[in-house]
Amino acid sequence: NIDDCSNDERATTSEKQAQQQQQQQQHQQQQHPQYTFIIGYGANDSCLPDGAHSRHHVPLGEYASNLTRMIRIIQTWNSEKNVAVALLAPPPCDTEKQKKSRENENVTVLYAEACDKVARTTGVPIVNLWKGMQLPAKNYDDDDNSSLFESNQQWKVDYLSDGVHLTPMGNYRLYELVIEMLDQGVVEKGKSGLGLAVSELPRAYPDHSLVDGSDPGKTFGTDMLPISKFDK
């Protein structure tokens with residue numbers, strides 16, 4: 001009888017724990033937005049007004065007001081408030097390679113700062129690409145490596161192909177920063193995020209590095225027509 005009683009208690013406790021976990025999961029699902037928007041402008045907007053690409057230039061004040069307007073449109077688009085929005089600051093540029101149209105330290109930075117100010121004013125998270133891309137992808141929290149990476153201007157070589165467009169490594173750095181913002185809580189380590197824990201989501205498909213190039217169907221578990229069929 002004692003054993004039976006202990007088993008009943010354990011069963012009741014386990015059932016309560018399972019119910020609590022289920023309620024927490026349902027609550028988290030309800031909290032997750034149905035749509036997530038990341039607004040990223042500024043790389044072209046910050047072109048010099050008298051430079052080679054002046055047609056892309058947008059005055060700083062207009063740039064900031066445009067961002068604010070887009071945020072408000074998205075936030076009021078859905079009455080159920082299941083829409084999330086964040087900003088993506090413009091990336092840094094290599095002034096030496098882009099000197100005819102862009103200036104990183106005196107112009108692009110102003111647009112990045114304006115973007116950050118809009119984020120703080122409207123209360124939305126931001127991916128600070130201008131700062132983040134001047135730091136290494138690995139050992140991000142290592143102050144010594146970060147300082148050396150920035151002082152040596154290594155980010156210009158690693159992340160930029162022509163002084164403004166991203167290399168494969170630059171795109172990976174962008175991916176890191178975006179995932180960091182999506183995963184981060186509303187206020188965490190002095191930064192803000194959406195708290196979506198996307199890095200914990202299961203993959204619907206395998207990573208591209210795992211795909212068998214000669215027989216993709218084998219990786220996806222499906223029968224696929226050979227590529228040669230489409231060559232004709």
# chains A, B, ... in the order shown; residues from 1 in each chain; ligands from 1
$ residues_around --residues "range 95-109 of chain A" --least-positions-apart "4" --cutoff "12 Å" --atoms "only C-alpha atoms" --output "JSON, numbers by chain"
{"A": [41, 42, 43, 44, 45, 46, 47, 48, 49, 50, 51, 52, 53, 54, 55, 56, 57, 58, 59, 60, 89, 90, 91, 113, 114, 115, 116, 128, 129, 130, 131, 134, 153, 156, 157, 160, 161, 162, 163, 164, 165]}
$ closest_residue --among "A:Glu62, A:Pro202, A:Thr76, A:Leu87" --to "Met181 in chain A" --atoms "only C-alpha atoms"
A:Leu87
$ select_by_dssp --residues "range 73-205 of chain A" --states "alpha helix (DSSP H)" --output "JSON, numbers by chain"
{"A": [73, 74, 75, 109, 110, 111, 112, 113, 114, 115, 116, 117, 118, 119, 120, 121, 122, 129, 130, 131, 132, 143, 144, 145, 146, 147, 148, 149, 150, 151, 154, 155, 156, 157, 158, 159, 168, 169, 170, 171, 172, 173, 174, 175, 176, 177, 178, 179, 180, 181, 182, 183]}
$ decode --residues "range 163-177 of chain A" --atoms "all heavy atoms" --output "PDB file, in the first residue's frame"
ATOM      1  N   GLY A 163      33.993  46.952 -51.224  1.00  0.00           N
ATOM      2  CA  GLY A 163      33.910  48.120 -50.361  1.00  0.00           C
ATOM      3  C   GLY A 163      32.519  48.391 -49.836  1.00  0.00           C
ATOM      4  O   GLY A 163      32.346  49.205 -48.928  1.00  0.00           O
ATOM      5  N   VAL A 164      31.506  47.684 -50.392  1.00  0.00           N
ATOM      6  CA  VAL A 164      30.135  47.904 -49.907  1.00  0.00           C
ATOM      7  C   VAL A 164      29.300  46.625 -49.911  1.00  0.00           C
ATOM      8  O   VAL A 164      28.525  46.381 -48.997  1.00  0.00           O
ATOM      9  CB  VAL A 164      29.424  49.018 -50.723  1.00  0.00           C
ATOM     10  CG1 VAL A 164      29.250  48.619 -52.181  1.00  0.00           C
ATOM     11  CG2 VAL A 164      28.072  49.367 -50.096  1.00  0.00           C
ATOM     12  N   HIS A 165      29.458  45.778 -50.942  1.00  0.00           N
ATOM     13  CA  HIS A 165      28.700  44.524 -50.998  1.00  0.00           C
ATOM     14  C   HIS A 165      29.400  43.441 -50.189  1.00  0.00           C
ATOM     15  O   HIS A 165      30.630  43.416 -50.095  1.00  0.00           O
ATOM     16  CB  HIS A 165      28.515  44.071 -52.451  1.00  0.00           C
ATOM     17  CG  HIS A 165      27.668  45.012 -53.257  1.00  0.00           C
ATOM     18  ND1 HIS A 165      28.201  45.906 -54.156  1.00  0.00           N
ATOM     19  CD2 HIS A 165      26.324  45.200 -53.271  1.00  0.00           C
ATOM     20  CE1 HIS A 165      27.231  46.613 -54.710  1.00  0.00           C
ATOM     21  NE2 HIS A 165      26.075  46.207 -54.170  1.00  0.00           N
ATOM     22  N   LEU A 166      28.602  42.538 -49.617  1.00  0.00           N
ATOM     23  CA  LEU A 166      29.132  41.556 -48.687  1.00  0.00           C
ATOM     24  C   LEU A 166      29.730  40.332 -49.378  1.00  0.00           C
ATOM     25  O   LEU A 166      29.218  39.858 -50.395  1.00  0.00           O
ATOM     26  CB  LEU A 166      28.028  41.082 -47.736  1.00  0.00           C
ATOM     27  CG  LEU A 166      27.276  42.162 -46.950  1.00  0.00           C
ATOM     28  CD1 LEU A 166      26.315  41.525 -45.963  1.00  0.00           C
ATOM     29  CD2 LEU A 166      28.246  43.086 -46.225  1.00  0.00           C
ATOM     30  N   THR A 167      30.800  39.836 -48.784  1.00  0.00           N
ATOM     31  CA  THR A 167      31.397  38.568 -49.209  1.00  0.00           C
ATOM     32  C   THR A 167      30.602  37.434 -48.547  1.00  0.00           C
ATOM     33  O   THR A 167      29.730  37.685 -47.698  1.00  0.00           O
ATOM     34  CB  THR A 167      32.856  38.487 -48.735  1.00  0.00           C
ATOM     35  OG1 THR A 167      32.850  38.521 -47.290  1.00  0.00           O
ATOM     36  CG2 THR A 167      33.680  39.634 -49.271  1.00  0.00           C
ATOM     37  N   PRO A 168      30.882  36.168 -48.896  1.00  0.00           N
ATOM     38  CA  PRO A 168      30.232  35.062 -48.180  1.00  0.00           C
ATOM     39  C   PRO A 168      30.440  35.150 -46.673  1.00  0.00           C
ATOM     40  O   PRO A 168      29.509  34.913 -45.894  1.00  0.00           O
ATOM     41  CB  PRO A 168      30.911  33.820 -48.773  1.00  0.00           C
ATOM     42  CG  PRO A 168      31.238  34.227 -50.177  1.00  0.00           C
ATOM     43  CD  PRO A 168      31.656  35.670 -50.062  1.00  0.00           C
ATOM     44  N   MET A 169      31.659  35.530 -46.236  1.00  0.00           N
ATOM     45  CA  MET A 169      31.913  35.675 -44.805  1.00  0.00           C
ATOM     46  C   MET A 169      31.120  36.855 -44.229  1.00  0.00           C
ATOM     47  O   MET A 169      30.636  36.805 -43.096  1.00  0.00           O
ATOM     48  CB  MET A 169      33.403  35.875 -44.535  1.00  0.00           C
ATOM     49  CG  MET A 169      33.781  35.768 -43.060  1.00  0.00           C
ATOM     50  SD  MET A 169      35.558  36.007 -42.735  1.00  0.00           S
ATOM     51  CE  MET A 169      36.209  34.536 -43.538  1.00  0.00           C
ATOM     52  N   GLY A 170      30.971  37.908 -45.028  1.00  0.00           N
ATOM     53  CA  GLY A 170      30.177  39.047 -44.587  1.00  0.00           C
ATOM     54  C   GLY A 170      28.715  38.682 -44.418  1.00  0.00           C
ATOM     55  O   GLY A 170      28.055  39.117 -43.470  1.00  0.00           O
ATOM     56  N   ASN A 171      28.200  37.858 -45.330  1.00  0.00           N
ATOM     57  CA  ASN A 171      26.818  37.400 -45.210  1.00  0.00           C
ATOM     58  C   ASN A 171      26.641  36.515 -43.982  1.00  0.00           C
ATOM     59  O   ASN A 171      25.594  36.549 -43.327  1.00  0.00           O
ATOM     60  CB  ASN A 171      26.404  36.643 -46.474  1.00  0.00           C
ATOM     61  CG  ASN A 171      25.957  37.585 -47.576  1.00  0.00           C
ATOM     62  OD1 ASN A 171      24.990  38.317 -47.437  1.00  0.00           O
ATOM     63  ND2 ASN A 171      26.682  37.586 -48.689  1.00  0.00           N
ATOM     64  N   TYR A 172      27.672  35.722 -43.681  1.00  0.00           N
ATOM     65  CA  TYR A 172      27.591  34.886 -42.487  1.00  0.00           C
ATOM     66  C   TYR A 172      27.585  35.749 -41.231  1.00  0.00           C
ATOM     67  O   TYR A 172      26.863  35.465 -40.272  1.00  0.00           O
ATOM     68  CB  TYR A 172      28.756  33.898 -42.435  1.00  0.00           C
ATOM     69  CG  TYR A 172      28.692  33.005 -41.217  1.00  0.00           C
ATOM     70  CD1 TYR A 172      27.788  31.944 -41.159  1.00  0.00           C
ATOM     71  CD2 TYR A 172      29.507  33.249 -40.110  1.00  0.00           C
ATOM     72  CE1 TYR A 172      27.702  31.142 -40.033  1.00  0.00           C
ATOM     73  CE2 TYR A 172      29.424  32.450 -38.978  1.00  0.00           C
ATOM     74  CZ  TYR A 172      28.520  31.395 -38.946  1.00  0.00           C
ATOM     75  OH  TYR A 172      28.423  30.606 -37.818  1.00  0.00           O
ATOM     76  N   ARG A 173      28.390  36.811 -41.242  1.00  0.00           N
ATOM     77  CA  ARG A 173      28.407  37.725 -40.088  1.00  0.00           C
ATOM     78  C   ARG A 173      27.037  38.383 -39.922  1.00  0.00           C
ATOM     79  O   ARG A 173      26.536  38.534 -38.802  1.00  0.00           O
ATOM     80  CB  ARG A 173      29.496  38.778 -40.276  1.00  0.00           C
ATOM     81  CG  ARG A 173      29.598  39.760 -39.116  1.00  0.00           C
ATOM     82  CD  ARG A 173      29.979  39.055 -37.839  1.00  0.00           C
ATOM     83  NE  ARG A 173      30.076  39.985 -36.720  1.00  0.00           N
ATOM     84  CZ  ARG A 173      29.717  39.699 -35.490  1.00  0.00           C
ATOM     85  NH1 ARG A 173      29.195  38.512 -35.207  1.00  0.00           N
ATOM     86  NH2 ARG A 173      29.852  40.574 -34.527  1.00  0.00           N
ATOM     87  N   LEU A 174      26.426  38.767 -41.039  1.00  0.00           N
ATOM     88  CA  LEU A 174      25.077  39.337 -41.002  1.00  0.00           C
ATOM     89  C   LEU A 174      24.103  38.337 -40.387  1.00  0.00           C
ATOM     90  O   LEU A 174      23.281  38.692 -39.538  1.00  0.00           O
ATOM     91  CB  LEU A 174      24.641  39.713 -42.422  1.00  0.00           C
ATOM     92  CG  LEU A 174      23.165  40.072 -42.622  1.00  0.00           C
ATOM     93  CD1 LEU A 174      22.774  41.281 -41.786  1.00  0.00           C
ATOM     94  CD2 LEU A 174      22.893  40.333 -44.099  1.00  0.00           C
ATOM     95  N   TYR A 175      24.209  37.082 -40.824  1.00  0.00           N
ATOM     96  CA  TYR A 175      23.355  36.016 -40.290  1.00  0.00           C
ATOM     97  C   TYR A 175      23.532  35.895 -38.775  1.00  0.00           C
ATOM     98  O   TYR A 175      22.542  35.822 -38.023  1.00  0.00           O
ATOM     99  CB  TYR A 175      23.708  34.694 -40.986  1.00  0.00           C
ATOM    100  CG  TYR A 175      23.237  33.457 -40.259  1.00  0.00           C
ATOM    101  CD1 TYR A 175      21.914  33.018 -40.381  1.00  0.00           C
ATOM    102  CD2 TYR A 175      24.101  32.723 -39.460  1.00  0.00           C
ATOM    103  CE1 TYR A 175      21.477  31.885 -39.717  1.00  0.00           C
ATOM    104  CE2 TYR A 175      23.678  31.587 -38.796  1.00  0.00           C
ATOM    105  CZ  TYR A 175      22.364  31.162 -38.925  1.00  0.00           C
ATOM    106  OH  TYR A 175      21.944  30.048 -38.265  1.00  0.00           O
ATOM    107  N   GLU A 176      24.777  35.911 -38.305  1.00  0.00           N
ATOM    108  CA  GLU A 176      25.052  35.809 -36.871  1.00  0.00           C
ATOM    109  C   GLU A 176      24.356  36.927 -36.092  1.00  0.00           C
ATOM    110  O   GLU A 176      23.732  36.690 -35.050  1.00  0.00           O
ATOM    111  CB  GLU A 176      26.556  35.909 -36.614  1.00  0.00           C
ATOM    112  CG  GLU A 176      27.328  34.636 -36.799  1.00  0.00           C
ATOM    113  CD  GLU A 176      28.762  34.759 -36.300  1.00  0.00           C
ATOM    114  OE1 GLU A 176      29.329  35.865 -36.365  1.00  0.00           O
ATOM    115  OE2 GLU A 176      29.300  33.746 -35.834  1.00  0.00           O
ATOM    116  N   LEU A 177      24.477  38.139 -36.596  1.00  0.00           N
ATOM    117  CA  LEU A 177      23.918  39.292 -35.898  1.00  0.00           C
ATOM    118  C   LEU A 177      22.394  39.280 -35.894  1.00  0.00           C
ATOM    119  O   LEU A 177      21.762  39.666 -34.901  1.00  0.00           O
ATOM    120  CB  LEU A 177      24.440  40.584 -36.542  1.00  0.00           C
ATOM    121  CG  LEU A 177      25.950  40.826 -36.382  1.00  0.00           C
ATOM    122  CD1 LEU A 177      26.413  41.947 -37.296  1.00  0.00           C
ATOM    123  CD2 LEU A 177      26.290  41.147 -34.927  1.00  0.00           C
TER     124      LEU A 177
END
